[in-house]
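*Asks:* I have a structure here, written as structure tokens, and I will follow up with some questions on it.
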Amino acid sequence: MDYSSLAKLLQEKIKNLTVHLDHPLALYTTLKIGGPADLLIESKNPEQFISIIKLLHQQKQPQPTILGHGSNVLISDTGIRGLVIQNSGDDIGINNSKVTLSSGTSLPHAIDFTLNKNLVGLEVFAYIPATIGGAVHSNIHGFDKSNFSQFIDSIEVFNYHTGKTETLKSSDFNWSYDLSPFQDNFKNPATAGPHLIITSVTLSLKKGDGQLAKTKAEEIKAIKKQTQPFLSAGCTFKNLPAEAGPNQSAGLLIDQLGLKGHRQGNLQISPLHANFIVNTRPATAGAATASDYIKLTEFIRQKVKDKYNINLEFEIKLLGKF
């Protein structure tokens, strides 16, 4: 595929668009690891984002990989083949207690904005460096273990199969812990799946005391700052289901094995939280690798399997070839 010609076409058709050929993706993730994309497209606002995906569809290009803030992903050392769109740009509208946000909207900004309007609920997701699209796609869980899906009213998507924009009601799907209709392992691929690209989301929040909720958000941030390092991909493994009993926390299982501080190359099981793997040399190009990350997770999984007969599942998303 001639990516240089495609890059030129995109820049001709869409004003002020930034594109990169064979571009490293590490800096577009919180972990600071990742090889190149064949073509990286930076979308700075919702209008650009929608124009990009529509033009790519019209040109019969393969569906692009969408990156938000890269806070829950591990990108392969060989990168991502094909097209990658880095989706950003805040856009928020309010109608009573309904809030519509573009998928590239920063979650921290959305929390601040809604609390300033005395719309409460999102404060439980404080300190999570995600976009709204990423929060929906991963169905993230908050400090109180509530899932993001409980606040979702509807979702606007671009269907990459049909080339049409659709509005989906959240209530039409069975969401679960860290699972959404936009993941490839969702059980009803005929009505949902990764071919649906999230463009905007409408949340249903409650009127309340915004200042009190801000205080709660600051308390959550203070607690998380003590235990959750930023130079990571977030929690590596999913916690266990409630029926697993008192040892539901993946971090606790790993901690009980004395694995905090264990290293693989320039990656380390965080001394602060055993379910976080941190990059100890983020400023040095190529210093930490996805290969070492996988080796470290395999080591952890085997130790947990040997001790507890439990198979830990990834919470992070793997992008590229592993």
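The chains in the structure tokens are called A, B, ... from first to last as shown; in each chain the residues are counted from 1, and the ligands are counted from 1 in the order shown.
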Please return as an NGL selection string: the residues of stretch 85-143 of chain A that backbone DSSP assigns to alpha helix (DSSP H).

*Replies:* :A and (107-116 or 132-138)

*Asks:* Give me the residues of stretch 39-117 of chain A that have any atom at most 10 Å from an atom of stretch 8-11 of chain A; for each, the nearest atom pair and the distance in Å, rounded to one decimal. Use only C-alpha atoms, sort by chain and number, and format it as JSON lines.

*Replies:*
{"residue": "A:Ile41", "atom": "CA", "partner": "A:Leu10", "partner_atom": "CA", "distance": 9.0}
{"residue": "A:Ser51", "atom": "CA", "partner": "A:Leu10", "partner_atom": "CA", "distance": 9.5}
{"residue": "A:Ile52", "atom": "CA", "partner": "A:Leu10", "partner_atom": "CA", "distance": 7.4}
{"residue": "A:Leu55", "atom": "CA", "partner": "A:Leu10", "partner_atom": "CA", "distance": 7.8}
{"residue": "A:Leu56", "atom": "CA", "partner": "A:Leu10", "partner_atom": "CA", "distance": 8.5}
{"residue": "A:Gln59", "atom": "CA", "partner": "A:Leu9", "partner_atom": "CA", "distance": 10.0}

*Asks:* Next, write the just-selected residues to a file, as a short mmCIF file (atom, residue, chain, number, x, y, z; two decimals), in the first residue's frame, keeping N, CA and C atoms as the atom set.

*Replies:*
data_model
loop_
_atom_site.label_atom_id
_atom_site.label_comp_id
_atom_site.auth_asym_id
_atom_site.auth_seq_id
_atom_site.Cartn_x
_atom_site.Cartn_y
_atom_site.Cartn_z
N ILE A 41 -2.16 9.19 12.10
CA ILE A 41 -2.96 10.38 11.82
C ILE A 41 -3.37 10.99 13.15
N SER A 51 -14.31 13.13 9.93
CA SER A 51 -13.91 13.29 8.52
C SER A 51 -12.87 12.25 8.12
N ILE A 52 -11.94 11.97 9.01
CA ILE A 52 -10.87 10.99 8.72
C ILE A 52 -11.46 9.61 8.50
N LEU A 55 -13.49 9.39 5.28
CA LEU A 55 -12.65 9.41 4.08
C LEU A 55 -11.92 8.08 3.90
N LEU A 56 -11.42 7.52 5.00
CA LEU A 56 -10.74 6.22 4.91
C LEU A 56 -11.72 5.15 4.42
N GLN A 59 -12.36 5.52 0.75
CA GLN A 59 -11.19 5.07 -0.02
C GLN A 59 -10.95 3.57 0.09
#

*Asks:* Need to verify the contact set: stretch 202-204 of chain A, 10 Å, only C-alpha atoms, exclusion of same-chain residues closer than 4 positions in sequence. Can you return it as a PyMOL selection string?

*Replies:* chain A and resi 92-102+119-122+148-156+169-170

*Asks:* Include N, CA and C atoms and write out the residues we just selected as a compact mmCIF listing (two decimals), in the first residue's frame.

*Replies:*
# COMPACT_ATOMS: atom_id res chain seq x y z
N ILE A 92 -17.97 19.01 24.74
CA ILE A 92 -18.96 18.60 25.73
C ILE A 92 -20.21 19.46 25.60
N GLY A 93 -21.36 18.82 25.59
CA GLY A 93 -22.63 19.52 25.59
C GLY A 93 -23.53 18.98 26.69
N ILE A 94 -24.33 19.87 27.29
CA ILE A 94 -25.18 19.47 28.42
C ILE A 94 -26.63 19.81 28.13
N ASN A 95 -27.51 18.86 28.41
CA ASN A 95 -28.96 19.06 28.32
C ASN A 95 -29.57 18.49 29.59
N ASN A 96 -29.84 19.38 30.55
CA ASN A 96 -30.29 18.96 31.89
C ASN A 96 -29.24 18.05 32.51
N SER A 97 -29.57 16.81 32.80
CA SER A 97 -28.58 15.91 33.42
C SER A 97 -27.92 14.98 32.41
N LYS A 98 -28.22 15.19 31.12
CA LYS A 98 -27.58 14.42 30.06
C LYS A 98 -26.37 15.18 29.53
N VAL A 99 -25.26 14.49 29.40
CA VAL A 99 -24.00 15.10 28.95
C VAL A 99 -23.50 14.34 27.74
N THR A 100 -23.30 15.04 26.63
CA THR A 100 -22.79 14.41 25.41
C THR A 100 -21.35 14.84 25.20
N LEU A 101 -20.47 13.85 25.03
CA LEU A 101 -19.04 14.12 24.91
C LEU A 101 -18.48 13.43 23.67
N SER A 102 -17.59 14.10 22.97
CA SER A 102 -16.90 13.46 21.86
C SER A 102 -15.99 12.37 22.42
N LEU A 119 -23.13 18.21 38.28
CA LEU A 119 -23.56 16.91 37.79
C LEU A 119 -22.55 15.89 38.33
N VAL A 120 -23.00 14.98 39.16
CA VAL A 120 -22.08 14.12 39.89
C VAL A 120 -22.16 12.67 39.41
N GLY A 121 -21.13 11.92 39.75
CA GLY A 121 -21.05 10.51 39.40
C GLY A 121 -19.70 10.12 38.85
N LEU A 122 -19.13 10.98 38.00
CA LEU A 122 -17.87 10.64 37.36
C LEU A 122 -16.66 10.78 38.28
N PHE A 148 -18.12 2.02 34.15
CA PHE A 148 -18.48 3.23 33.41
C PHE A 148 -19.82 3.08 32.72
N SER A 149 -20.16 1.85 32.33
CA SER A 149 -21.39 1.61 31.58
C SER A 149 -22.64 2.03 32.33
N GLN A 150 -22.59 2.08 33.66
CA GLN A 150 -23.79 2.43 34.41
C GLN A 150 -24.21 3.88 34.20
N PHE A 151 -23.31 4.69 33.64
CA PHE A 151 -23.62 6.10 33.38
C PHE A 151 -23.98 6.36 31.92
N ILE A 152 -23.82 5.34 31.06
CA ILE A 152 -24.01 5.56 29.62
C ILE A 152 -25.48 5.46 29.24
N ASP A 153 -25.97 6.48 28.55
CA ASP A 153 -27.33 6.48 28.01
C ASP A 153 -27.33 5.97 26.57
N SER A 154 -26.49 6.57 25.73
CA SER A 154 -26.41 6.15 24.33
C SER A 154 -25.02 6.45 23.77
N ILE A 155 -24.72 5.82 22.64
CA ILE A 155 -23.41 5.95 22.03
C ILE A 155 -23.60 6.15 20.53
N GLU A 156 -22.97 7.16 19.99
CA GLU A 156 -22.97 7.35 18.54
C GLU A 156 -21.73 6.69 17.97
N LYS A 169 -28.35 2.37 22.00
CA LYS A 169 -28.75 2.54 23.39
C LYS A 169 -27.93 1.59 24.25
N SER A 170 -27.39 2.12 25.31
CA SER A 170 -26.58 1.31 26.20
C SER A 170 -27.35 0.12 26.75

*Asks:* Which residue, A:Val136, A:Leu252, A:Leu74, A:Ile316, has the smallest gap to A:Ser200 when you use only C-alpha atoms?

*Replies:*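 Closest residue, counting only C-alpha atoms: A:Val136.
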
*Asks:* Can you build me a table of stretch 137-189 of chain A residues sitting at most 12 Å from stretch 218-237 of chain A, with the closest atom pair per residue and its distance in Å to one decimal, using only C-alpha atoms, sorted by chain and residue number, as a tab-separated table?

*Replies:*
residue	atom	partner	partner_atom	distance
A:Ile140	CA	A:Cys235	CA	11.0
A:His141	CA	A:Cys235	CA	11.1
A:Gly142	CA	A:Ile220	CA	9.9
A:Phe143	CA	A:Ile220	CA	7.2
A:Asp144	CA	A:Ile220	CA	9.9
A:Asp178	CA	A:Phe237	CA	10.7

*Asks:* List the spatial neighbours of A:Thr78 as a PDB file with C-alpha atoms, in the first residue's frame - criterion: any atom at most 8 Å away, only C-alpha atoms, same-chain residues fewer than 6 positions off excluded.

*Replies:*
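That gives us around-v3.pdb:
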ATOM      1  CA  GLY A  34       5.714   0.750  21.160  1.00  0.00           C
ATOM      2  CA  GLY A  35       7.047   0.413  17.646  1.00  0.00           C
ATOM      3  CA  PRO A  36       5.897   2.426  14.616  1.00  0.00           C
ATOM      4  CA  GLY A 320       0.189  -5.220  17.186  1.00  0.00           C
ATOM      5  CA  LYS A 321       1.828  -8.616  16.686  1.00  0.00           C
TER       6      LYS A 321
END

*Asks:* Excluding A:Leu267 and residues on its chain fewer than 4 positions from it, collect all residues at most 6 Å away from it, counting only C-alpha atoms, and give them as a list in words.

*Replies:*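 Close residues of A:Leu267: Arg263, Val278, Asn279 and Thr280 of chain A.
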
*Asks:* What lies within 9 Å of A:Gly82 using only C-alpha atoms, ignoring chain neighbours under 3 positions off, as a VMD selection string?

*Replies:* chain A and resid 1 3 37 to 40 62 to 65

*Asks:* Include N, CA and C atoms and write out the residues we just selected as an mmCIF file, in the first residue's frame.

*Replies:*
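What follows is the written file part15.cif:
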data_model
loop_
_atom_site.group_PDB
_atom_site.id
_atom_site.type_symbol
_atom_site.label_atom_id
_atom_site.label_comp_id
_atom_site.auth_asym_id
_atom_site.auth_seq_id
_atom_site.Cartn_x
_atom_site.Cartn_y
_atom_site.Cartn_z
ATOM 1 N N MET A 1 0.843 -1.203 0.000
ATOM 2 C CA MET A 1 0.000 0.000 0.000
ATOM 3 C C MET A 1 0.878 1.254 0.000
ATOM 4 N N TYR A 3 1.378 4.382 1.390
ATOM 5 C CA TYR A 3 0.916 5.213 2.491
ATOM 6 C C TYR A 3 1.240 6.689 2.280
ATOM 7 N N ALA A 37 3.802 2.990 13.613
ATOM 8 C CA ALA A 37 2.637 2.780 12.753
ATOM 9 C C ALA A 37 3.061 3.059 11.328
ATOM 10 N N ASP A 38 2.501 2.333 10.375
ATOM 11 C CA ASP A 38 2.791 2.643 8.975
ATOM 12 C C ASP A 38 2.362 4.068 8.652
ATOM 13 N N LEU A 39 1.186 4.429 9.159
ATOM 14 C CA LEU A 39 0.695 5.799 8.991
ATOM 15 C C LEU A 39 -0.052 6.208 10.250
ATOM 16 N N LEU A 40 0.447 7.244 10.912
ATOM 17 C CA LEU A 40 -0.206 7.784 12.109
ATOM 18 C C LEU A 40 -0.892 9.089 11.739
ATOM 19 N N PRO A 62 -8.471 -0.313 4.988
ATOM 20 C CA PRO A 62 -8.773 -1.161 6.147
ATOM 21 C C PRO A 62 -9.109 -0.306 7.368
ATOM 22 N N GLN A 63 -9.908 -0.857 8.261
ATOM 23 C CA GLN A 63 -10.295 -0.102 9.453
ATOM 24 C C GLN A 63 -9.068 0.297 10.260
ATOM 25 N N PRO A 64 -8.987 1.566 10.654
ATOM 26 C CA PRO A 64 -7.820 2.018 11.416
ATOM 27 C C PRO A 64 -7.881 1.574 12.874
ATOM 28 N N THR A 65 -6.736 1.539 13.507
ATOM 29 C CA THR A 65 -6.651 1.357 14.950
ATOM 30 C C THR A 65 -6.823 2.726 15.601
#

*Asks:* Record the distance separating atom CA of A:Asn159 and atom CA of A:Pro181, expressed in Å with one decimal.

*Replies:*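 Taking atom CA of A:Asn159 and atom CA of A:Pro181, their separation equals 12.9 Å.
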
*Asks:* How far is it from atom CA of A:Ala7 to atom CA of A:Val73, in Å with one decimal?

*Replies:* 25.2 Å

*Asks:* Any idea what's packed within 7 Å of stretch 249-251 of chain A, counting only C-alpha atoms, ignoring anything in its chain fewer than 2 positions away? Could you give it as number ranges by chain?

*Replies:* A: 237-240, 247, 253-255, 273-275

*Asks:* Can you write out the residues you just picked, keeping N, CA and C atoms, as a PDB file, in the first residue's frame?

*Replies:*
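Just written: selection27.pdb:
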ATOM      1  N   PHE A 237      -3.413  -6.871  35.190  1.00  0.00           N
ATOM      2  CA  PHE A 237      -4.326  -8.011  35.187  1.00  0.00           C
ATOM      3  C   PHE A 237      -5.687  -7.636  35.773  1.00  0.00           C
ATOM      4  N   LYS A 238      -6.703  -8.345  35.310  1.00  0.00           N
ATOM      5  CA  LYS A 238      -8.043  -8.160  35.857  1.00  0.00           C
ATOM      6  C   LYS A 238      -8.102  -8.743  37.268  1.00  0.00           C
ATOM      7  N   ASN A 239      -8.895  -8.090  38.105  1.00  0.00           N
ATOM      8  CA  ASN A 239      -9.197  -8.694  39.389  1.00  0.00           C
ATOM      9  C   ASN A 239     -10.106  -9.905  39.182  1.00  0.00           C
ATOM     10  N   LEU A 240     -10.151 -10.761  40.178  1.00  0.00           N
ATOM     11  CA  LEU A 240     -10.960 -11.975  40.079  1.00  0.00           C
ATOM     12  C   LEU A 240     -12.426 -11.655  40.358  1.00  0.00           C
ATOM     13  N   ASN A 247      -9.666 -13.140  48.201  1.00  0.00           N
ATOM     14  CA  ASN A 247      -8.491 -12.826  47.389  1.00  0.00           C
ATOM     15  C   ASN A 247      -8.908 -12.476  45.960  1.00  0.00           C
ATOM     16  N   LEU A 253      -2.634 -10.809  45.218  1.00  0.00           N
ATOM     17  CA  LEU A 253      -2.067 -12.122  44.953  1.00  0.00           C
ATOM     18  C   LEU A 253      -0.586 -12.018  44.601  1.00  0.00           C
ATOM     19  N   ILE A 254      -0.260 -11.057  43.753  1.00  0.00           N
ATOM     20  CA  ILE A 254       1.132 -10.872  43.330  1.00  0.00           C
ATOM     21  C   ILE A 254       1.985 -10.380  44.497  1.00  0.00           C
ATOM     22  N   ASP A 255       1.417  -9.475  45.280  1.00  0.00           N
ATOM     23  CA  ASP A 255       2.130  -8.929  46.444  1.00  0.00           C
ATOM     24  C   ASP A 255       2.449 -10.025  47.452  1.00  0.00           C
ATOM     25  N   HIS A 273       2.516  -0.844  43.919  1.00  0.00           N
ATOM     26  CA  HIS A 273       1.312  -1.629  43.635  1.00  0.00           C
ATOM     27  C   HIS A 273       1.731  -2.774  42.727  1.00  0.00           C
ATOM     28  N   ALA A 274       1.527  -4.006  43.181  1.00  0.00           N
ATOM     29  CA  ALA A 274       2.051  -5.171  42.473  1.00  0.00           C
ATOM     30  C   ALA A 274       1.352  -5.456  41.152  1.00  0.00           C
ATOM     31  N   ASN A 275       0.200  -4.826  40.891  1.00  0.00           N
ATOM     32  CA  ASN A 275      -0.496  -5.049  39.627  1.00  0.00           C
ATOM     33  C   ASN A 275      -0.109  -4.007  38.573  1.00  0.00           C
TER      34      ASN A 275
END
